[in-house]
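What follows is my_file38.json (JSON, C-alpha atoms).
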[["chain", "number", "residue", "atom", "x", "y", "z"],
["A", 1, "MET", "CA", 121.00, -24.93, 20.58],
["A", 2, "VAL", "CA", 117.72, -26.60, 19.60],
["A", 3, "SER", "CA", 117.77, -30.35, 19.18],
["A", 4, "ILE", "CA", 115.29, -32.17, 16.93],
["A", 5, "THR", "CA", 114.66, -35.78, 17.95],
["A", 6, "GLU", "CA", 114.75, -38.57, 15.38],
["A", 7, "SER", "CA", 110.97, -39.03, 15.52],
["A", 8, "ALA", "CA", 110.47, -35.28, 14.98],
["A", 9, "GLN", "CA", 112.92, -35.32, 12.06],
["A", 10, "GLU", "CA", 110.96, -38.16, 10.41],
["A", 11, "TYR", "CA", 107.66, -36.35, 10.94],
["A", 12, "LEU", "CA", 108.97, -33.03, 9.60],
["A", 13, "ALA", "CA", 110.56, -34.71, 6.56],
["A", 14, "GLU", "CA", 107.20, -36.36, 5.73],
["A", 15, "LEU", "CA", 105.31, -33.12, 6.26],
["A", 16, "LEU", "CA", 107.70, -31.17, 4.03],
["A", 17, "GLU", "CA", 107.50, -33.80, 1.30],
["A", 18, "LYS", "CA", 103.71, -33.43, 1.22],
["A", 19, "GLN", "CA", 104.10, -29.69, 0.47],
["A", 20, "ASN", "CA", 105.38, -30.60, -2.99],
["A", 21, "VAL", "CA", 107.72, -27.56, -3.11],
["A", 22, "GLU", "CA", 111.30, -28.10, -4.26],
["A", 23, "GLY", "CA", 113.79, -27.01, -1.57],
["A", 24, "ILE", "CA", 111.21, -26.30, 1.14],
["A", 25, "ALA", "CA", 112.66, -26.34, 4.65],
["A", 26, "VAL", "CA", 111.61, -25.41, 8.18],
["A", 27, "ARG", "CA", 112.50, -22.28, 10.12],
["A", 28, "VAL", "CA", 112.77, -22.28, 13.92],
["A", 29, "PHE", "CA", 112.36, -18.97, 15.75],
["A", 30, "ILE", "CA", 110.93, -17.39, 18.88],
["A", 31, "LEU", "CA", 108.40, -14.57, 18.76],
["A", 32, "ASP", "CA", 108.90, -12.04, 21.58],
["A", 33, "ALA", "CA", 112.06, -13.85, 22.71],
["A", 34, "GLY", "CA", 113.16, -13.03, 26.23],
["A", 35, "THR", "CA", 109.73, -11.87, 27.40],
["A", 36, "PRO", "CA", 106.88, -13.62, 29.23],
["A", 37, "ARG", "CA", 105.00, -13.63, 25.89],
["A", 38, "ALA", "CA", 107.71, -15.71, 24.16],
["A", 39, "GLU", "CA", 106.39, -18.30, 21.74],
["A", 40, "THR", "CA", 108.62, -20.90, 20.08],
["A", 41, "CYS", "CA", 107.65, -21.56, 16.47],
["A", 42, "ILE", "CA", 108.43, -23.85, 13.56],
["A", 43, "SER", "CA", 107.20, -22.77, 10.15],
["A", 44, "PHE", "CA", 107.60, -23.79, 6.54],
["A", 45, "CYS", "CA", 110.44, -21.95, 4.86],
["A", 46, "ARG", "CA", 110.14, -21.79, 1.10],
["A", 47, "PRO", "CA", 113.30, -21.05, -0.92],
["A", 48, "GLY", "CA", 114.06, -17.34, -0.54],
["A", 49, "GLU", "CA", 112.18, -16.92, 2.77],
["A", 50, "GLU", "CA", 115.23, -17.70, 4.90],
["A", 51, "LYS", "CA", 117.24, -14.79, 6.30],
["A", 52, "ALA", "CA", 120.89, -14.20, 5.43],
["A", 53, "ASP", "CA", 122.04, -14.56, 9.05],
["A", 54, "ASP", "CA", 120.01, -17.73, 9.82],
["A", 55, "GLU", "CA", 122.06, -20.67, 11.04],
["A", 56, "VAL", "CA", 121.50, -23.70, 8.78],
["A", 57, "LYS", "CA", 121.27, -27.27, 10.09],
["A", 58, "GLN", "CA", 121.07, -30.20, 7.68],
["A", 59, "TYR", "CA", 118.94, -33.15, 8.74],
["A", 60, "LYS", "CA", 118.06, -36.33, 6.89],
["A", 61, "GLY", "CA", 115.62, -35.19, 4.22],
["A", 62, "PHE", "CA", 115.43, -31.46, 5.07],
["A", 63, "LYS", "CA", 117.18, -28.29, 6.22],
["A", 64, "ALA", "CA", 116.30, -26.22, 9.25],
["A", 65, "PHE", "CA", 117.00, -22.48, 9.35],
["A", 66, "ILE", "CA", 117.50, -21.19, 12.90],
["A", 67, "ASP", "CA", 116.78, -17.48, 13.48],
["A", 68, "GLN", "CA", 120.00, -15.78, 14.62],
["A", 69, "HIS", "CA", 118.33, -13.60, 17.30],
["A", 70, "SER", "CA", 116.53, -16.66, 18.72],
["A", 71, "ILE", "CA", 119.66, -18.81, 19.17],
["A", 72, "PRO", "CA", 120.44, -17.81, 22.81],
["A", 73, "PHE", "CA", 116.80, -18.46, 23.72],
["A", 74, "LEU", "CA", 116.82, -21.86, 22.00],
["A", 75, "GLU", "CA", 119.58, -23.25, 24.19],
["A", 76, "ASP", "CA", 118.43, -26.64, 25.59],
["A", 77, "ALA", "CA", 115.30, -26.55, 23.38],
["A", 78, "VAL", "CA", 113.92, -29.87, 22.14],
["A", 79, "VAL", "CA", 111.54, -30.54, 19.24],
["A", 80, "ASP", "CA", 109.91, -33.96, 19.59],
["A", 81, "PHE", "CA", 107.13, -35.95, 17.97],
["A", 82, "GLN", "CA", 105.10, -38.54, 19.87],
["A", 83, "LYS", "CA", 102.75, -40.85, 18.00],
["A", 84, "ASP", "CA", 99.37, -41.50, 19.57],
["A", 85, "SER", "CA", 95.96, -42.87, 18.60],
["A", 86, "MET", "CA", 95.05, -39.57, 16.91],
["A", 87, "GLY", "CA", 98.21, -39.57, 14.78],
["A", 88, "GLY", "CA", 100.67, -37.73, 16.97],
["A", 89, "GLN", "CA", 101.80, -34.40, 18.29],
["A", 90, "LEU", "CA", 104.82, -32.24, 17.57],
["A", 91, "THR", "CA", 106.04, -30.48, 20.72],
["A", 92, "ILE", "CA", 108.63, -27.79, 21.27],
["A", 93, "LYS", "CA", 110.09, -27.28, 24.73],
["A", 94, "ALA", "CA", 112.32, -24.23, 25.03],
["A", 95, "PRO", "CA", 113.09, -23.61, 28.71],
["A", 96, "ASN", "CA", 115.17, -20.49, 27.97],
["A", 97, "SER", "CA", 112.72, -18.80, 25.57],
["A", 98, "ARG", "CA", 111.38, -16.33, 28.11],
["A", 99, "MET", "CA", 114.56, -15.56, 29.95],
["A", 100, "PRO", "CA", 117.94, -16.17, 28.37],
["A", 101, "LYS", "CA", 121.01, -17.19, 30.29],
["A", 102, "LEU", "CA", 122.72, -13.86, 30.88],
["A", 103, "THR", "CA", 126.44, -13.27, 30.54],
["A", 104, "GLU", "CA", 128.61, -10.15, 30.50],
["A", 105, "ASP", "CA", 128.28, -10.22, 26.70],
["A", 106, "SER", "CA", 124.47, -10.40, 26.71],
["A", 107, "PRO", "CA", 122.75, -7.61, 24.77],
["A", 108, "LEU", "CA", 121.60, -4.62, 26.82],
["A", 109, "GLU", "CA", 117.95, -5.39, 25.93],
["A", 110, "ASP", "CA", 118.23, -8.87, 27.46],
["A", 111, "ARG", "CA", 119.76, -7.53, 30.68],
["A", 112, "VAL", "CA", 117.08, -4.81, 31.02],
["A", 113, "ASN", "CA", 114.27, -7.33, 30.35],
["A", 114, "TYR", "CA", 115.73, -9.74, 32.89],
["A", 115, "ILE", "CA", 115.64, -7.09, 35.65],
["A", 116, "LEU", "CA", 112.17, -5.85, 34.62],
["A", 117, "TYR", "CA", 110.60, -9.31, 34.65],
["A", 118, "ASN", "CA", 112.41, -10.75, 37.66],
["A", 119, "GLU", "CA", 112.81, -7.80, 40.03],
["A", 120, "ILE", "CA", 110.56, -4.89, 39.07],
["A", 121, "ASN", "CA", 107.36, -6.42, 37.68],
["A", 122, "PRO", "CA", 106.73, -8.73, 40.65],
["A", 123, "GLY", "CA", 106.48, -5.61, 42.86],
["A", 124, "LEU", "CA", 104.31, -3.71, 40.39],
["A", 125, "ALA", "CA", 102.00, -6.72, 40.06],
["A", 126, "ALA", "CA", 100.79, -6.09, 43.63],
["A", 127, "HIS", "CA", 99.07, -2.97, 42.22],
["A", 128, "GLY", "CA", 98.00, -4.67, 39.00],
["A", 129, "GLY", "CA", 100.77, -2.98, 37.03],
["A", 130, "HIS", "CA", 103.70, -3.92, 34.84],
["A", 131, "VAL", "CA", 106.42, -2.28, 32.78],
["A", 132, "THR", "CA", 107.96, -3.41, 29.49],
["A", 133, "LEU", "CA", 110.97, -2.34, 27.47],
["A", 134, "GLU", "CA", 110.01, -0.61, 24.23],
["A", 135, "GLU", "CA", 113.52, -0.04, 22.92],
["A", 136, "ILE", "CA", 117.08, 0.91, 23.73],
["A", 137, "PHE", "CA", 117.68, 4.37, 22.26],
["A", 138, "GLU", "CA", 121.14, 5.78, 21.42],
["A", 139, "GLU", "CA", 122.70, 2.59, 22.88],
["A", 140, "SER", "CA", 122.22, 3.73, 26.51],
["A", 141, "VAL", "CA", 118.65, 5.02, 27.02],
["A", 142, "ALA", "CA", 115.98, 2.51, 28.08],
["A", 143, "VAL", "CA", 112.53, 3.49, 26.80],
["A", 144, "LEU", "CA", 109.80, 1.88, 28.91],
["A", 145, "ARG", "CA", 106.01, 1.54, 28.75],
["A", 146, "PHE", "CA", 103.87, 1.11, 31.86],
["A", 147, "GLY", "CA", 100.61, -0.80, 31.77],
["A", 148, "GLY", "CA", 97.81, -2.12, 33.96],
["A", 149, "GLY", "CA", 97.50, -0.27, 37.26],
["A", 150, "CYS", "CA", 100.61, 1.81, 36.46],
["A", 151, "GLN", "CA", 99.11, 3.49, 33.40],
["A", 152, "GLY", "CA", 97.67, 6.83, 34.51],
["A", 153, "CYS", "CA", 98.67, 6.24, 38.12],
["A", 154, "GLY", "CA", 99.32, 9.38, 40.15],
["A", 155, "MET", "CA", 102.46, 7.81, 41.65],
["A", 156, "VAL", "CA", 104.07, 6.70, 38.35],
["A", 157, "ASP", "CA", 106.77, 9.41, 38.49],
["A", 158, "VAL", "CA", 107.86, 8.17, 41.91],
["A", 159, "THR", "CA", 107.75, 4.57, 40.71],
["A", 160, "LEU", "CA", 109.81, 5.45, 37.63],
["A", 161, "LYS", "CA", 112.48, 7.60, 39.34],
["A", 162, "ASP", "CA", 112.79, 5.98, 42.78],
["A", 163, "GLY", "CA", 112.09, 2.42, 41.78],
["A", 164, "VAL", "CA", 112.55, 1.40, 38.17],
["A", 165, "GLU", "CA", 115.24, 3.87, 37.10],
["A", 166, "LYS", "CA", 117.27, 3.51, 40.28],
["A", 167, "THR", "CA", 117.18, -0.31, 40.07],
["A", 168, "LEU", "CA", 118.07, -0.47, 36.37],
["A", 169, "MET", "CA", 120.85, 2.10, 36.50],
["A", 170, "SER", "CA", 122.46, 0.63, 39.62],
["A", 171, "GLN", "CA", 122.62, -2.83, 38.04],
["A", 172, "ILE", "CA", 123.39, -1.82, 34.44],
["A", 173, "PRO", "CA", 126.02, 0.94, 34.45],
["A", 174, "GLN", "CA", 125.83, 1.30, 30.63],
["A", 175, "LEU", "CA", 122.39, 2.92, 30.98],
["A", 176, "THR", "CA", 122.50, 6.71, 31.08],
["A", 177, "GLU", "CA", 118.76, 7.39, 31.23],
["A", 178, "VAL", "CA", 115.36, 5.73, 31.59],
["A", 179, "ARG", "CA", 112.35, 7.25, 29.79],
["A", 180, "ASP", "CA", 108.63, 6.57, 30.02],
["A", 181, "VAL", "CA", 106.58, 6.72, 26.79],
["A", 182, "THR", "CA", 103.27, 5.73, 28.38],
["A", 183, "ASP", "CA", 100.16, 7.81, 27.72],
["A", 184, "HIS", "CA", 99.21, 8.50, 31.33],
["A", 185, "SER", "CA", 96.07, 10.45, 30.39],
["A", 186, "ILE", "CA", 94.28, 7.07, 30.26],
["A", 187, "LYS", "CA", 93.33, 6.42, 33.88],
["A", 188, "GLU", "CA", 90.68, 3.66, 33.76],
["A", 189, "ASN", "CA", 92.91, 1.04, 35.48],
["A", 190, "ALA", "CA", 95.15, 3.38, 37.48],
["A", 191, "TYR", "CA", 95.98, 2.14, 40.98],
["A", 192, "TYR", "CA", 96.17, 5.68, 42.41],
["A", 193, "GLN", "CA", 93.93, 8.27, 40.67]]

Please, can you express the file's structure as structure tokens?
Amino acid sequence: MVSITESAQEYLAELLEKQNVEGIAVRVFILDAGTPRAETCISFCRPGEEKADDEVKQYKGFKAFIDQHSIPFLEDAVVDFQKDSMGGQLTIKAPNSRMPKLTEDSPLEDRVNYILYNEINPGLAAHGGHVTLEEIFEESVAVLRFGGGCQGCGMVDVTLKDGVEKTLMSQIPQLTEVRDVTDHSIKENAYYQ
């Protein structure tokens, strides 16, 4: 899980004290965890803003609430503070924020995203396209959205059935179906018209 260095703890404790709010803490979470857009965040957490399933860590002078869904993506993460001539900088390094370490117990969404970003999207990128997971429906149906050169492409049905669906379903036996929710009437960036 995330580790907060001593210098970062001192900095955060000072910062929280300046807020002049009794019981204020920090919350650590990742926006868009497990995707290339993942962003690791630390925010103020006023009393009542924490979530019931947050993991709580007590540090000297403050509490940190760790978002439950973000925990697998925060493995090996480090929050540090380095003083410099301008005052200093708080940094967060989370090497697993974009791709979690997968296990047999990993959620279906994480396994689908892993295959999309590591096996399928590199091939689609050659045509300026990409595909993302919108949701898992009825616990076994992957709902996808195509973008870039794939949106409106005349070959998207072939790409979906012979490429994406076949790859996902062969590697994730729990999937029963793959659906495309993309509006393919928009053809401005389509690779094949």

Inset, instruction - Could you tell me which of A:Gln89, A:Thr159, A:Thr176, A:Gln151 comes closest to Tyr191 of chain A if we count all atoms listed in the file? - result: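 The shortest atom-to-atom distance to Tyr191 of chain A comes from A:Gln151.
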
Inset, instruction - Select, from A:Thr132, A:Gln19, A:Ser97, A:Gln9, the residue with the minimum atom-to-atom distance to Thr182 of chain A, counting all atoms listed in the file. - result: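 Distance minimum relative to Thr182 of chain A lands on A:Thr132.
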
Centre and edge lengths, as AutoDock Vina command-line options, for the axis-aligned box enclosing every listed atom of segment 41-51 of chain A with 5 Å of padding on each of the six sides, in Å to one decimal?
--center_x 112.2 --center_y -19.3 --center_z 7.8 --size_x 20.0 --size_y 19.1 --size_z 27.4

Inset, instruction - Would you kindly return, as a PyMOL selection string, each protein, DNA or RNA residue with an atom no farther than 10 Å from any atom of Ser70 of chain A, considering all atoms listed in the file and excluding same-chain residues fewer than 4 positions away? - result: chain A and resi 1+28-34+40+54+66+74-75+97+100

Inset, instruction - Enter the distance from atom CA of Pro95 of chain A to atom CA of Ala77 of chain A, in Å, rounded to one decimal. - result: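 Going from atom CA of Pro95 of chain A over to atom CA of Ala77 of chain A covers 6.5 Å.
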
Legend entry - Pick from A:Leu133, A:Val141, A:Ile115, A:Ile186, whichever lies nearest to Thr167 of chain A using only C-alpha atoms: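 Among A:Leu133, A:Val141, A:Ile115, A:Ile186, it is A:Ile115 that comes nearest to Thr167 of chain A.
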
Legend entry - atom CA of Lys93 of chain A to atom CA of Leu15 of chain A, straight-line distance in Å: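 Between these atoms lies a distance of 20.0 Å.
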
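Atom CA of Glu50 of chain A to atom CA of Leu12 of chain A spans 17.2 Å [interatomic distance, one decimal].
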
Legend entry - From A:Phe73, A:Phe146, A:Phe81, A:Phe44, residue lying nearest Thr5 of chain A [all atoms listed in the file]: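 When distances to Thr5 of chain A are compared using all atoms listed in the file, the smallest one comes from A:Phe81.
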
Legend entry - Spatial neighbours of segment 120-129 of chain A, 12 Å, only C-alpha atoms, chain gap at least 4 places, as a PyMOL selection string: chain A and resi 35-36+112-116+133+145-153+155-156+159-160+162-168+189-192

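Each of A:Gly61, A:Asn96, A:Glu10, A:Val2 was checked against Glu22 of chain A using all atoms listed in the file; the smallest atom-to-atom distance is that of A:Gly61.
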
Legend entry - Distance criterion (only C-alpha atoms): nearest to Arg27 of chain A out of A:Asp183, A:Glu135, A:Gln68, A:Asp110: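 So, comparing all the options, the nearest one is A:Gln68.
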
Legend entry - Long-range neighbours of Pro47 of chain A as a list of chain:residue names, 12 Å cut-off, all atoms listed in the file, 5 positions minimum in chain: A:Val21, A:Glu22, A:Gly23, A:Ile24, A:Ala25, A:Val26, A:Arg27, A:Lys63, A:Ala64, A:Phe65

Inset, instruction - Please work out which residues fall within 12 Å of (104.5, -40.1, 18.8), coordinates as given in the file, with all atoms listed in the file counting, and return them as JSON, numbers by chain. - result: {"A": [5, 6, 7, 8, 9, 10, 11, 79, 80, 81, 82, 83, 84, 85, 86, 87, 88, 89, 90, 91]}

Just add N, CA and C atoms to segment 33-63 of chain A and send it as a PDB file, in the coordinates of the input.
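Output file rebuild.pdb follows:
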ATOM      1  N   ALA A  33     111.027 -13.159  21.928  1.00  0.00           N
ATOM      2  CA  ALA A  33     112.060 -13.850  22.710  1.00  0.00           C
ATOM      3  C   ALA A  33     112.496 -13.017  23.900  1.00  0.00           C
ATOM      4  N   GLY A  34     112.689 -13.695  25.032  1.00  0.00           N
ATOM      5  CA  GLY A  34     113.160 -13.030  26.230  1.00  0.00           C
ATOM      6  C   GLY A  34     112.099 -12.284  27.007  1.00  0.00           C
ATOM      7  N   THR A  35     110.824 -12.512  26.667  1.00  0.00           N
ATOM      8  CA  THR A  35     109.730 -11.870  27.400  1.00  0.00           C
ATOM      9  C   THR A  35     108.757 -12.958  27.860  1.00  0.00           C
ATOM     10  N   PRO A  36     107.862 -12.632  28.798  1.00  0.00           N
ATOM     11  CA  PRO A  36     106.880 -13.620  29.230  1.00  0.00           C
ATOM     12  C   PRO A  36     105.935 -14.055  28.101  1.00  0.00           C
ATOM     13  N   ARG A  37     105.874 -13.290  27.019  1.00  0.00           N
ATOM     14  CA  ARG A  37     105.000 -13.630  25.890  1.00  0.00           C
ATOM     15  C   ARG A  37     105.702 -14.512  24.856  1.00  0.00           C
ATOM     16  N   ALA A  38     106.919 -14.950  25.132  1.00  0.00           N
ATOM     17  CA  ALA A  38     107.710 -15.710  24.160  1.00  0.00           C
ATOM     18  C   ALA A  38     106.959 -16.937  23.668  1.00  0.00           C
ATOM     19  N   GLU A  39     107.035 -17.156  22.362  1.00  0.00           N
ATOM     20  CA  GLU A  39     106.390 -18.300  21.740  1.00  0.00           C
ATOM     21  C   GLU A  39     107.365 -18.928  20.743  1.00  0.00           C
ATOM     22  N   THR A  40     107.693 -20.199  20.960  1.00  0.00           N
ATOM     23  CA  THR A  40     108.620 -20.900  20.080  1.00  0.00           C
ATOM     24  C   THR A  40     107.851 -21.452  18.897  1.00  0.00           C
ATOM     25  N   CYS A  41     108.381 -21.233  17.693  1.00  0.00           N
ATOM     26  CA  CYS A  41     107.650 -21.560  16.470  1.00  0.00           C
ATOM     27  C   CYS A  41     108.512 -22.347  15.486  1.00  0.00           C
ATOM     28  N   ILE A  42     107.834 -23.191  14.722  1.00  0.00           N
ATOM     29  CA  ILE A  42     108.430 -23.850  13.560  1.00  0.00           C
ATOM     30  C   ILE A  42     107.475 -23.565  12.412  1.00  0.00           C
ATOM     31  N   SER A  43     108.041 -23.072  11.305  1.00  0.00           N
ATOM     32  CA  SER A  43     107.200 -22.770  10.150  1.00  0.00           C
ATOM     33  C   SER A  43     107.846 -23.332   8.896  1.00  0.00           C
ATOM     34  N   PHE A  44     107.035 -23.448   7.841  1.00  0.00           N
ATOM     35  CA  PHE A  44     107.600 -23.790   6.540  1.00  0.00           C
ATOM     36  C   PHE A  44     108.473 -22.639   6.096  1.00  0.00           C
ATOM     37  N   CYS A  45     109.529 -22.967   5.380  1.00  0.00           N
ATOM     38  CA  CYS A  45     110.440 -21.950   4.860  1.00  0.00           C
ATOM     39  C   CYS A  45     110.698 -22.280   3.394  1.00  0.00           C
ATOM     40  N   ARG A  46     109.970 -21.583   2.537  1.00  0.00           N
ATOM     41  CA  ARG A  46     110.140 -21.790   1.100  1.00  0.00           C
ATOM     42  C   ARG A  46     111.463 -21.163   0.655  1.00  0.00           C
ATOM     43  N   PRO A  47     112.048 -21.642  -0.442  1.00  0.00           N
ATOM     44  CA  PRO A  47     113.300 -21.050  -0.920  1.00  0.00           C
ATOM     45  C   PRO A  47     113.146 -19.534  -1.086  1.00  0.00           C
ATOM     46  N   GLY A  48     114.087 -18.795  -0.495  1.00  0.00           N
ATOM     47  CA  GLY A  48     114.060 -17.340  -0.540  1.00  0.00           C
ATOM     48  C   GLY A  48     113.460 -16.704   0.700  1.00  0.00           C
ATOM     49  N   GLU A  49     112.779 -17.489   1.551  1.00  0.00           N
ATOM     50  CA  GLU A  49     112.180 -16.920   2.770  1.00  0.00           C
ATOM     51  C   GLU A  49     113.146 -16.940   3.952  1.00  0.00           C
ATOM     52  N   GLU A  50     114.242 -17.674   3.818  1.00  0.00           N
ATOM     53  CA  GLU A  50     115.230 -17.700   4.900  1.00  0.00           C
ATOM     54  C   GLU A  50     115.920 -16.342   4.973  1.00  0.00           C
ATOM     55  N   LYS A  51     116.525 -16.059   6.132  1.00  0.00           N
ATOM     56  CA  LYS A  51     117.240 -14.790   6.300  1.00  0.00           C
ATOM     57  C   LYS A  51     118.739 -15.057   6.168  1.00  0.00           C
ATOM     58  N   ALA A  52     119.456 -14.054   5.705  1.00  0.00           N
ATOM     59  CA  ALA A  52     120.890 -14.200   5.430  1.00  0.00           C
ATOM     60  C   ALA A  52     121.688 -14.641   6.651  1.00  0.00           C
ATOM     61  N   ASP A  53     121.265 -14.206   7.853  1.00  0.00           N
ATOM     62  CA  ASP A  53     122.040 -14.560   9.050  1.00  0.00           C
ATOM     63  C   ASP A  53     121.499 -15.795   9.780  1.00  0.00           C
ATOM     64  N   ASP A  54     120.506 -16.490   9.211  1.00  0.00           N
ATOM     65  CA  ASP A  54     120.010 -17.730   9.820  1.00  0.00           C
ATOM     66  C   ASP A  54     121.135 -18.755   9.895  1.00  0.00           C
ATOM     67  N   GLU A  55     121.136 -19.538  10.946  1.00  0.00           N
ATOM     68  CA  GLU A  55     122.060 -20.670  11.040  1.00  0.00           C
ATOM     69  C   GLU A  55     121.370 -21.861  10.365  1.00  0.00           C
ATOM     70  N   VAL A  56     122.087 -22.591   9.536  1.00  0.00           N
ATOM     71  CA  VAL A  56     121.500 -23.700   8.780  1.00  0.00           C
ATOM     72  C   VAL A  56     121.947 -25.020   9.366  1.00  0.00           C
ATOM     73  N   LYS A  57     120.987 -25.906   9.617  1.00  0.00           N
ATOM     74  CA  LYS A  57     121.270 -27.270  10.090  1.00  0.00           C
ATOM     75  C   LYS A  57     120.699 -28.236   9.058  1.00  0.00           C
ATOM     76  N   GLN A  58     121.505 -29.195   8.644  1.00  0.00           N
ATOM     77  CA  GLN A  58     121.070 -30.200   7.680  1.00  0.00           C
ATOM     78  C   GLN A  58     120.645 -31.456   8.435  1.00  0.00           C
ATOM     79  N   TYR A  59     119.450 -31.913   8.174  1.00  0.00           N
ATOM     80  CA  TYR A  59     118.940 -33.150   8.740  1.00  0.00           C
ATOM     81  C   TYR A  59     118.667 -34.112   7.600  1.00  0.00           C
ATOM     82  N   LYS A  60     118.363 -35.344   7.935  1.00  0.00           N
ATOM     83  CA  LYS A  60     118.060 -36.330   6.890  1.00  0.00           C
ATOM     84  C   LYS A  60     116.736 -35.934   6.229  1.00  0.00           C
ATOM     85  N   GLY A  61     116.825 -35.511   4.970  1.00  0.00           N
ATOM     86  CA  GLY A  61     115.620 -35.190   4.220  1.00  0.00           C
ATOM     87  C   GLY A  61     115.191 -33.743   4.243  1.00  0.00           C
ATOM     88  N   PHE A  62     115.828 -32.873   5.047  1.00  0.00           N
ATOM     89  CA  PHE A  62     115.430 -31.460   5.070  1.00  0.00           C
ATOM     90  C   PHE A  62     116.487 -30.599   5.752  1.00  0.00           C
ATOM     91  N   LYS A  63     116.344 -29.289   5.536  1.00  0.00           N
ATOM     92  CA  LYS A  63     117.180 -28.290   6.220  1.00  0.00           C
ATOM     93  C   LYS A  63     116.320 -27.550   7.224  1.00  0.00           C
TER      94      LYS A  63
END
